[in-house]
Amino acid sequence: AGQYYVNRLNVKRFLQPGRNVIAVHVYYQGLINRAYNSGDYRQGCIAELWCDDQLLAATDDTWRAMRFTSNQPGAKYGYDTQFAEWIDARLFDQDWASIDYEDGHWPFACIDANPDYHFVMQPTPVVSVYSVDPESVVKLAKGHYLIDFGQLLTGQFSMKAKGKEGSAVEIRCGEELLPSGDRVMHQTRSGCLYQDKWILSGKEDRFETFDYKGFRYVEVIEEDSGEEAVMPDTFHAVVRHYPFPDDNCLFRCDDERLNRIFDICKNGVKFGSQEHYVDCPTREKGQYLGDNTVIGHSHMLLTGDGRLYRKAIEQFARSADICDGLMAVVPGHLMQEIADYSLQWPMQVMEYYRFTGDLGFVEKMHPYAERLLQHFQKHERSDGLIHLVTDKWNLVDWPRELRDGYDFPLSKPIGPGCHNVLNAFYIGCYQTVMQMRQLLGVHKENRLPLLKESYMQAFYDEEKRLFRDAEGSSHHALHSNVLPLLFQL
């Protein structure tokens, strides 16, 4: 919402005495999706180089730019969040980043940024990027290798090769193996076709992709062109995630199965934390508001670091510029709204407060919480319950098979009627905003007793001592009963 983060990098380790060159390779993804602010033809690089308080260099019209053609059009996959990367090394200028490179023939000069952009320093550290060697490499045939990194990770696979000009190498990545046990399932269950292609230049080439994947296994298949071109001793993964101190939270017990459960959950949080939280590092790569209720809390407990959670909460608050009821996924150009998720946002503010004691942050976020509440109050009927929230998806749970037979048609837009889960979240939201008011000394009418009584009248089944899914329903889904327990209804 009008705010662009600027990353600060310490480049001291890259500099050498004498002349240096600044060369940057940037990537425009170009599709409207959950992962990127893209699909708008805005592309570029804005940079400044500082030494202490002295500005040494900045992007201006003396900087040149060139569009590389080595990345050929590849198939898109996931939820339009990624492309298969088909790279022709013959079209790649290997010397473009060298000090003596002459860029005078490059056709584009840098221009000033749009003055409407508001640049702010990113409040979180940049992602950690490091190299990991394979746990095992098995040669299946000449130029054909199966590589196992021992666990799922997020990042890119990289290697070197030197072969006949125009010969091809196929790189397949995946989270699991096919039943044969020696081939990679590169068409993943999450809808990603992890199948990249690489055309060699005849010189020593390095395979480097732009976008990251979620994978454990890699299969390298070289076209039979005489002498083997791939260099197995160069196989490695370039891993990336938000800085994660593994030793900050440790768990071990006598039950090895429980240890493994903890480890896989911990790694899920670790590799699902990138520049922002992602619901998965494969198909969607999106920061979903409802998911943050779980991953943000878990991430703070595992790391002792609340900065990424705070940034996420603020980013969703800024989506109020689009709708006071907040968006379901930010950043990204996909306009998606989920009522259940929006109503959890104040809970996240208070979770952050309980972890940090930062009352100033609660005060900063409080106006957004009030606007959120007012947005949903427009859907109240006479007894205070909300119905016909047609401007947002009523989710309950996803996929639909996990709704425990929830007895209310969750059409888009929602049809007539009053259902349990949305009202439980609404009352929970109201309750949380009341806690904010009490902390900040804000006095407003307390309608909580009325809302709770209306909820009981509408949904409580005296005979079964359970909550119904909707008015007129006789079904009691799990969701209809855990939420009133959570919100003490």
# chains A, B, ... in the order shown; residues from 1 in each chain; ligands from 1
call {"tool": "residues_around", "arguments": {"residues": "A:Lys139", "least_positions_apart": "4", "cutoff": "10 Å", "atoms": "only C-alpha atoms", "output": "ChimeraX atom specification"}}
result
/A:143-147,219-220,232
call {"tool": "select_by_dssp", "arguments": {"residues": "stretch 161-280 of chain A", "states": "helix (DSSP H, G or I)", "output": "PyMOL selection string"}}
result
chain A and resi 232-234+246-248+256-271
call {"tool": "residues_around", "arguments": {"residues": "A:Trp398", "least_positions_apart": "2", "cutoff": "12 Å", "atoms": "only C-alpha atoms", "output": "list in words"}}
result
Gly290, Asp291, Ile338, Asp340, Trp393, Asn394, Leu395, Val396, Arg400, Glu401, Leu402, Arg403, Asp404, Tyr406, Leu410 and His479 of chain A
call {"tool": "closest_atom_pairs", "arguments": {"of": "stretch 286-377 of chain A", "to": "stretch 434-445 of chain A", "cutoff": "12 Å", "atoms": "only C-alpha atoms", "output": "JSON lines"}}
result
{"residue": "A:Pro346", "atom": "CA", "partner": "A:Met436", "partner_atom": "CA", "distance": 8.7}
{"residue": "A:Met347", "atom": "CA", "partner": "A:Gln435", "partner_atom": "CA", "distance": 9.9}
{"residue": "A:Gln348", "atom": "CA", "partner": "A:Met436", "partner_atom": "CA", "distance": 11.8}
{"residue": "A:Val349", "atom": "CA", "partner": "A:Met436", "partner_atom": "CA", "distance": 9.1}
{"residue": "A:Met350", "atom": "CA", "partner": "A:Met436", "partner_atom": "CA", "distance": 7.7}
{"residue": "A:Glu351", "atom": "CA", "partner": "A:Met436", "partner_atom": "CA", "distance": 11.5}
{"residue": "A:Tyr353", "atom": "CA", "partner": "A:Met436", "partner_atom": "CA", "distance": 10.0}
{"residue": "A:Arg354", "atom": "CA", "partner": "A:Met436", "partner_atom": "CA", "distance": 11.7}
{"residue": "A:Gly357", "atom": "CA", "partner": "A:Leu439", "partner_atom": "CA", "distance": 11.2}
{"residue": "A:Asp358", "atom": "CA", "partner": "A:Leu439", "partner_atom": "CA", "distance": 11.3}
{"residue": "A:Leu359", "atom": "CA", "partner": "A:Leu439", "partner_atom": "CA", "distance": 8.0}
{"residue": "A:Gly360", "atom": "CA", "partner": "A:Leu440", "partner_atom": "CA", "distance": 9.4}
{"residue": "A:Phe361", "atom": "CA", "partner": "A:Met436", "partner_atom": "CA", "distance": 10.8}
{"residue": "A:Val362", "atom": "CA", "partner": "A:Met436", "partner_atom": "CA", "distance": 7.0}
{"residue": "A:Glu363", "atom": "CA", "partner": "A:Leu440", "partner_atom": "CA", "distance": 6.9}
{"residue": "A:Lys364", "atom": "CA", "partner": "A:Leu440", "partner_atom": "CA", "distance": 10.6}
{"residue": "A:Met365", "atom": "CA", "partner": "A:Met436", "partner_atom": "CA", "distance": 9.4}
{"residue": "A:His366", "atom": "CA", "partner": "A:Met436", "partner_atom": "CA", "distance": 6.9}
{"residue": "A:Pro367", "atom": "CA", "partner": "A:Met436", "partner_atom": "CA", "distance": 10.2}
{"residue": "A:Tyr368", "atom": "CA", "partner": "A:Met436", "partner_atom": "CA", "distance": 11.5}
{"residue": "A:Ala369", "atom": "CA", "partner": "A:Met436", "partner_atom": "CA", "distance": 8.9}
{"residue": "A:Glu370", "atom": "CA", "partner": "A:Arg437", "partner_atom": "CA", "distance": 9.7}
{"residue": "A:Leu373", "atom": "CA", "partner": "A:Met434", "partner_atom": "CA", "distance": 10.7}
call {"tool": "residues_around", "arguments": {"residues": "stretch 411-414 of chain A", "least_positions_apart": "4", "cutoff": "8 Å", "atoms": "only C-alpha atoms", "output": "list in words"}}
result
Leu388, Val389, Thr390, Asp391, Lys392, Trp393 and Asn394 of chain A
call {"tool": "write_last_selection", "arguments": {"atoms": "C-alpha atoms", "output": "PDB file, in the first residue's frame"}}
result
ATOM      1  CA  LEU A 388     -24.682 -12.195   4.661  1.00  0.00           C
ATOM      2  CA  VAL A 389     -20.993 -11.255   4.747  1.00  0.00           C
ATOM      3  CA  THR A 390     -20.962 -11.347   0.966  1.00  0.00           C
ATOM      4  CA  ASP A 391     -17.890  -9.175   0.370  1.00  0.00           C
ATOM      5  CA  LYS A 392     -15.528 -11.875   1.642  1.00  0.00           C
ATOM      6  CA  TRP A 393     -15.168 -15.637   1.363  1.00  0.00           C
ATOM      7  CA  ASN A 394     -16.626 -17.493   4.381  1.00  0.00           C
TER       8      ASN A 394
END
call {"tool": "closest_atom_pairs", "arguments": {"of": "stretch 129-222 of chain A", "to": "stretch 62-77 of chain A", "cutoff": "9 Å", "atoms": "only C-alpha atoms", "output": "JSON lines"}}
result
{"residue": "A:Gly191", "atom": "CA", "partner": "A:Tyr77", "partner_atom": "CA", "distance": 6.7}
{"residue": "A:Cys192", "atom": "CA", "partner": "A:Tyr77", "partner_atom": "CA", "distance": 5.4}
{"residue": "A:Leu193", "atom": "CA", "partner": "A:Tyr77", "partner_atom": "CA", "distance": 6.4}
{"residue": "A:Tyr194", "atom": "CA", "partner": "A:Tyr77", "partner_atom": "CA", "distance": 8.8}
{"residue": "A:Asp196", "atom": "CA", "partner": "A:Gly74", "partner_atom": "CA", "distance": 8.4}
call {"tool": "write_last_selection", "arguments": {"atoms": "all heavy atoms", "output": "PDB file, in the first residue's frame"}}
result
ATOM      1  N   GLY A 191       1.365 -29.375  -7.367  1.00  0.00           N
ATOM      2  CA  GLY A 191       1.091 -28.777  -8.674  1.00  0.00           C
ATOM      3  C   GLY A 191       2.258 -28.020  -9.274  1.00  0.00           C
ATOM      4  O   GLY A 191       2.062 -27.127 -10.101  1.00  0.00           O
ATOM      5  N   CYS A 192       3.479 -28.356  -8.879  1.00  0.00           N
ATOM      6  CA  CYS A 192       4.665 -27.701  -9.428  1.00  0.00           C
ATOM      7  C   CYS A 192       5.422 -28.675 -10.333  1.00  0.00           C
ATOM      8  O   CYS A 192       5.709 -29.806  -9.923  1.00  0.00           O
ATOM      9  CB  CYS A 192       5.588 -27.229  -8.300  1.00  0.00           C
ATOM     10  SG  CYS A 192       4.873 -25.955  -7.256  1.00  0.00           S
ATOM     11  N   LEU A 193       5.755 -28.225 -11.535  1.00  0.00           N
ATOM     12  CA  LEU A 193       6.523 -29.048 -12.468  1.00  0.00           C
ATOM     13  C   LEU A 193       7.985 -28.627 -12.364  1.00  0.00           C
ATOM     14  O   LEU A 193       8.441 -27.717 -13.057  1.00  0.00           O
ATOM     15  CB  LEU A 193       6.012 -28.852 -13.896  1.00  0.00           C
ATOM     16  CG  LEU A 193       6.712 -29.678 -14.974  1.00  0.00           C
ATOM     17  CD1 LEU A 193       6.525 -31.170 -14.738  1.00  0.00           C
ATOM     18  CD2 LEU A 193       6.218 -29.285 -16.358  1.00  0.00           C
ATOM     19  N   TYR A 194       8.707 -29.280 -11.471  1.00  0.00           N
ATOM     20  CA  TYR A 194      10.095 -28.919 -11.207  1.00  0.00           C
ATOM     21  C   TYR A 194      11.003 -29.573 -12.245  1.00  0.00           C
ATOM     22  O   TYR A 194      11.710 -30.546 -11.967  1.00  0.00           O
ATOM     23  CB  TYR A 194      10.484 -29.349  -9.794  1.00  0.00           C
ATOM     24  CG  TYR A 194       9.987 -28.447  -8.692  1.00  0.00           C
ATOM     25  CD1 TYR A 194       9.959 -28.898  -7.373  1.00  0.00           C
ATOM     26  CD2 TYR A 194       9.573 -27.146  -8.944  1.00  0.00           C
ATOM     27  CE1 TYR A 194       9.528 -28.076  -6.338  1.00  0.00           C
ATOM     28  CE2 TYR A 194       9.133 -26.308  -7.926  1.00  0.00           C
ATOM     29  CZ  TYR A 194       9.115 -26.780  -6.622  1.00  0.00           C
ATOM     30  OH  TYR A 194       8.697 -25.967  -5.601  1.00  0.00           O
ATOM     31  N   ASP A 196      13.652 -28.220 -15.052  1.00  0.00           N
ATOM     32  CA  ASP A 196      14.394 -27.149 -15.701  1.00  0.00           C
ATOM     33  C   ASP A 196      15.281 -27.709 -16.806  1.00  0.00           C
ATOM     34  O   ASP A 196      15.674 -28.883 -16.769  1.00  0.00           O
ATOM     35  CB  ASP A 196      15.255 -26.394 -14.679  1.00  0.00           C
ATOM     36  CG  ASP A 196      14.417 -25.712 -13.595  1.00  0.00           C
ATOM     37  OD1 ASP A 196      13.305 -25.265 -13.919  1.00  0.00           O
ATOM     38  OD2 ASP A 196      14.879 -25.630 -12.443  1.00  0.00           O
TER      39      ASP A 196
END
call {"tool": "residues_around", "arguments": {"residues": "A:Val230", "least_positions_apart": "5", "cutoff": "7 Å", "atoms": "only C-alpha atoms", "output": "count of residues only"}}
result
4
call {"tool": "select_by_dssp", "arguments": {"residues": "stretch 23-234 of chain A", "states": "strand (DSSP E)", "output": "ChimeraX atom specification"}}
result
/A:48-51,54-58,64-65,71-72,76-77,82-83,86-88,108-109,118-121,128-132,136-141,144-162,168-174,195-199,204-207,213-222
call {"tool": "closest_residue", "arguments": {"among": "A:Ser180, A:Thr124, A:Phe376, A:Glu337", "to": "A:Ile322", "atoms": "only C-alpha atoms"}}
result
A:Glu337
call {"tool": "decode", "arguments": {"residues": "stretch 202-217 of chain A", "atoms": "N, CA, C and O atoms", "output": "mmCIF file, in the first residue's frame"}}
result
data_model
loop_
_atom_site.group_PDB
_atom_site.id
_atom_site.type_symbol
_atom_site.label_atom_id
_atom_site.label_comp_id
_atom_site.auth_asym_id
_atom_site.auth_seq_id
_atom_site.Cartn_x
_atom_site.Cartn_y
_atom_site.Cartn_z
ATOM 1 N N GLY A 202 29.575 -24.704 -24.325
ATOM 2 C CA GLY A 202 30.868 -25.218 -24.793
ATOM 3 C C GLY A 202 32.001 -24.797 -23.877
ATOM 4 O O GLY A 202 33.100 -25.367 -23.923
ATOM 5 N N LYS A 203 31.780 -23.782 -23.038
ATOM 6 C CA LYS A 203 32.749 -23.381 -22.018
ATOM 7 C C LYS A 203 32.324 -24.013 -20.687
ATOM 8 O O LYS A 203 31.362 -24.775 -20.620
ATOM 9 N N GLU A 204 32.997 -23.652 -19.608
ATOM 10 C CA GLU A 204 32.564 -24.108 -18.286
ATOM 11 C C GLU A 204 31.397 -23.236 -17.844
ATOM 12 O O GLU A 204 31.554 -22.024 -17.657
ATOM 13 N N ASP A 205 30.238 -23.826 -17.674
ATOM 14 C CA ASP A 205 29.020 -23.090 -17.333
ATOM 15 C C ASP A 205 28.590 -23.399 -15.898
ATOM 16 O O ASP A 205 28.837 -24.492 -15.379
ATOM 17 N N ARG A 206 27.925 -22.439 -15.290
ATOM 18 C CA ARG A 206 27.348 -22.636 -13.961
ATOM 19 C C ARG A 206 25.822 -22.544 -14.086
ATOM 20 O O ARG A 206 25.297 -21.580 -14.645
ATOM 21 N N PHE A 207 25.138 -23.552 -13.564
ATOM 22 C CA PHE A 207 23.675 -23.562 -13.580
ATOM 23 C C PHE A 207 23.161 -22.822 -12.349
ATOM 24 O O PHE A 207 23.407 -23.232 -11.214
ATOM 25 N N GLU A 208 22.478 -21.709 -12.594
ATOM 26 C CA GLU A 208 21.909 -20.902 -11.517
ATOM 27 C C GLU A 208 20.499 -20.471 -11.914
ATOM 28 O O GLU A 208 20.323 -19.846 -12.970
ATOM 29 N N THR A 209 19.520 -20.790 -11.092
ATOM 30 C CA THR A 209 18.149 -20.352 -11.351
ATOM 31 C C THR A 209 17.837 -19.133 -10.495
ATOM 32 O O THR A 209 18.511 -18.871 -9.491
ATOM 33 N N PHE A 210 16.809 -18.409 -10.881
ATOM 34 C CA PHE A 210 16.416 -17.227 -10.117
ATOM 35 C C PHE A 210 15.514 -17.592 -8.947
ATOM 36 O O PHE A 210 15.722 -17.168 -7.819
ATOM 37 N N ASP A 211 14.465 -18.344 -9.231
ATOM 38 C CA ASP A 211 13.437 -18.564 -8.221
ATOM 39 C C ASP A 211 13.781 -19.772 -7.363
ATOM 40 O O ASP A 211 14.486 -20.681 -7.796
ATOM 41 N N TYR A 212 13.260 -19.774 -6.155
ATOM 42 C CA TYR A 212 13.544 -20.888 -5.247
ATOM 43 C C TYR A 212 12.437 -21.929 -5.290
ATOM 44 O O TYR A 212 11.312 -21.653 -5.669
ATOM 45 N N LYS A 213 12.796 -23.135 -4.889
ATOM 46 C CA LYS A 213 11.877 -24.261 -4.857
ATOM 47 C C LYS A 213 11.874 -24.869 -3.457
ATOM 48 O O LYS A 213 12.782 -24.611 -2.656
ATOM 49 N N GLY A 214 10.902 -25.709 -3.186
ATOM 50 C CA GLY A 214 10.930 -26.566 -2.010
ATOM 51 C C GLY A 214 11.246 -27.980 -2.478
ATOM 52 O O GLY A 214 10.478 -28.569 -3.231
ATOM 53 N N PHE A 215 12.393 -28.533 -2.055
ATOM 54 C CA PHE A 215 12.796 -29.842 -2.582
ATOM 55 C C PHE A 215 13.740 -30.543 -1.608
ATOM 56 O O PHE A 215 14.343 -29.928 -0.722
ATOM 57 N N ARG A 216 13.872 -31.824 -1.802
ATOM 58 C CA ARG A 216 14.886 -32.644 -1.126
ATOM 59 C C ARG A 216 15.772 -33.346 -2.147
ATOM 60 O O ARG A 216 16.978 -33.439 -1.974
ATOM 61 N N TYR A 217 15.146 -33.857 -3.214
ATOM 62 C CA TYR A 217 15.855 -34.672 -4.211
ATOM 63 C C TYR A 217 16.048 -33.897 -5.509
ATOM 64 O O TYR A 217 15.232 -33.045 -5.883
#
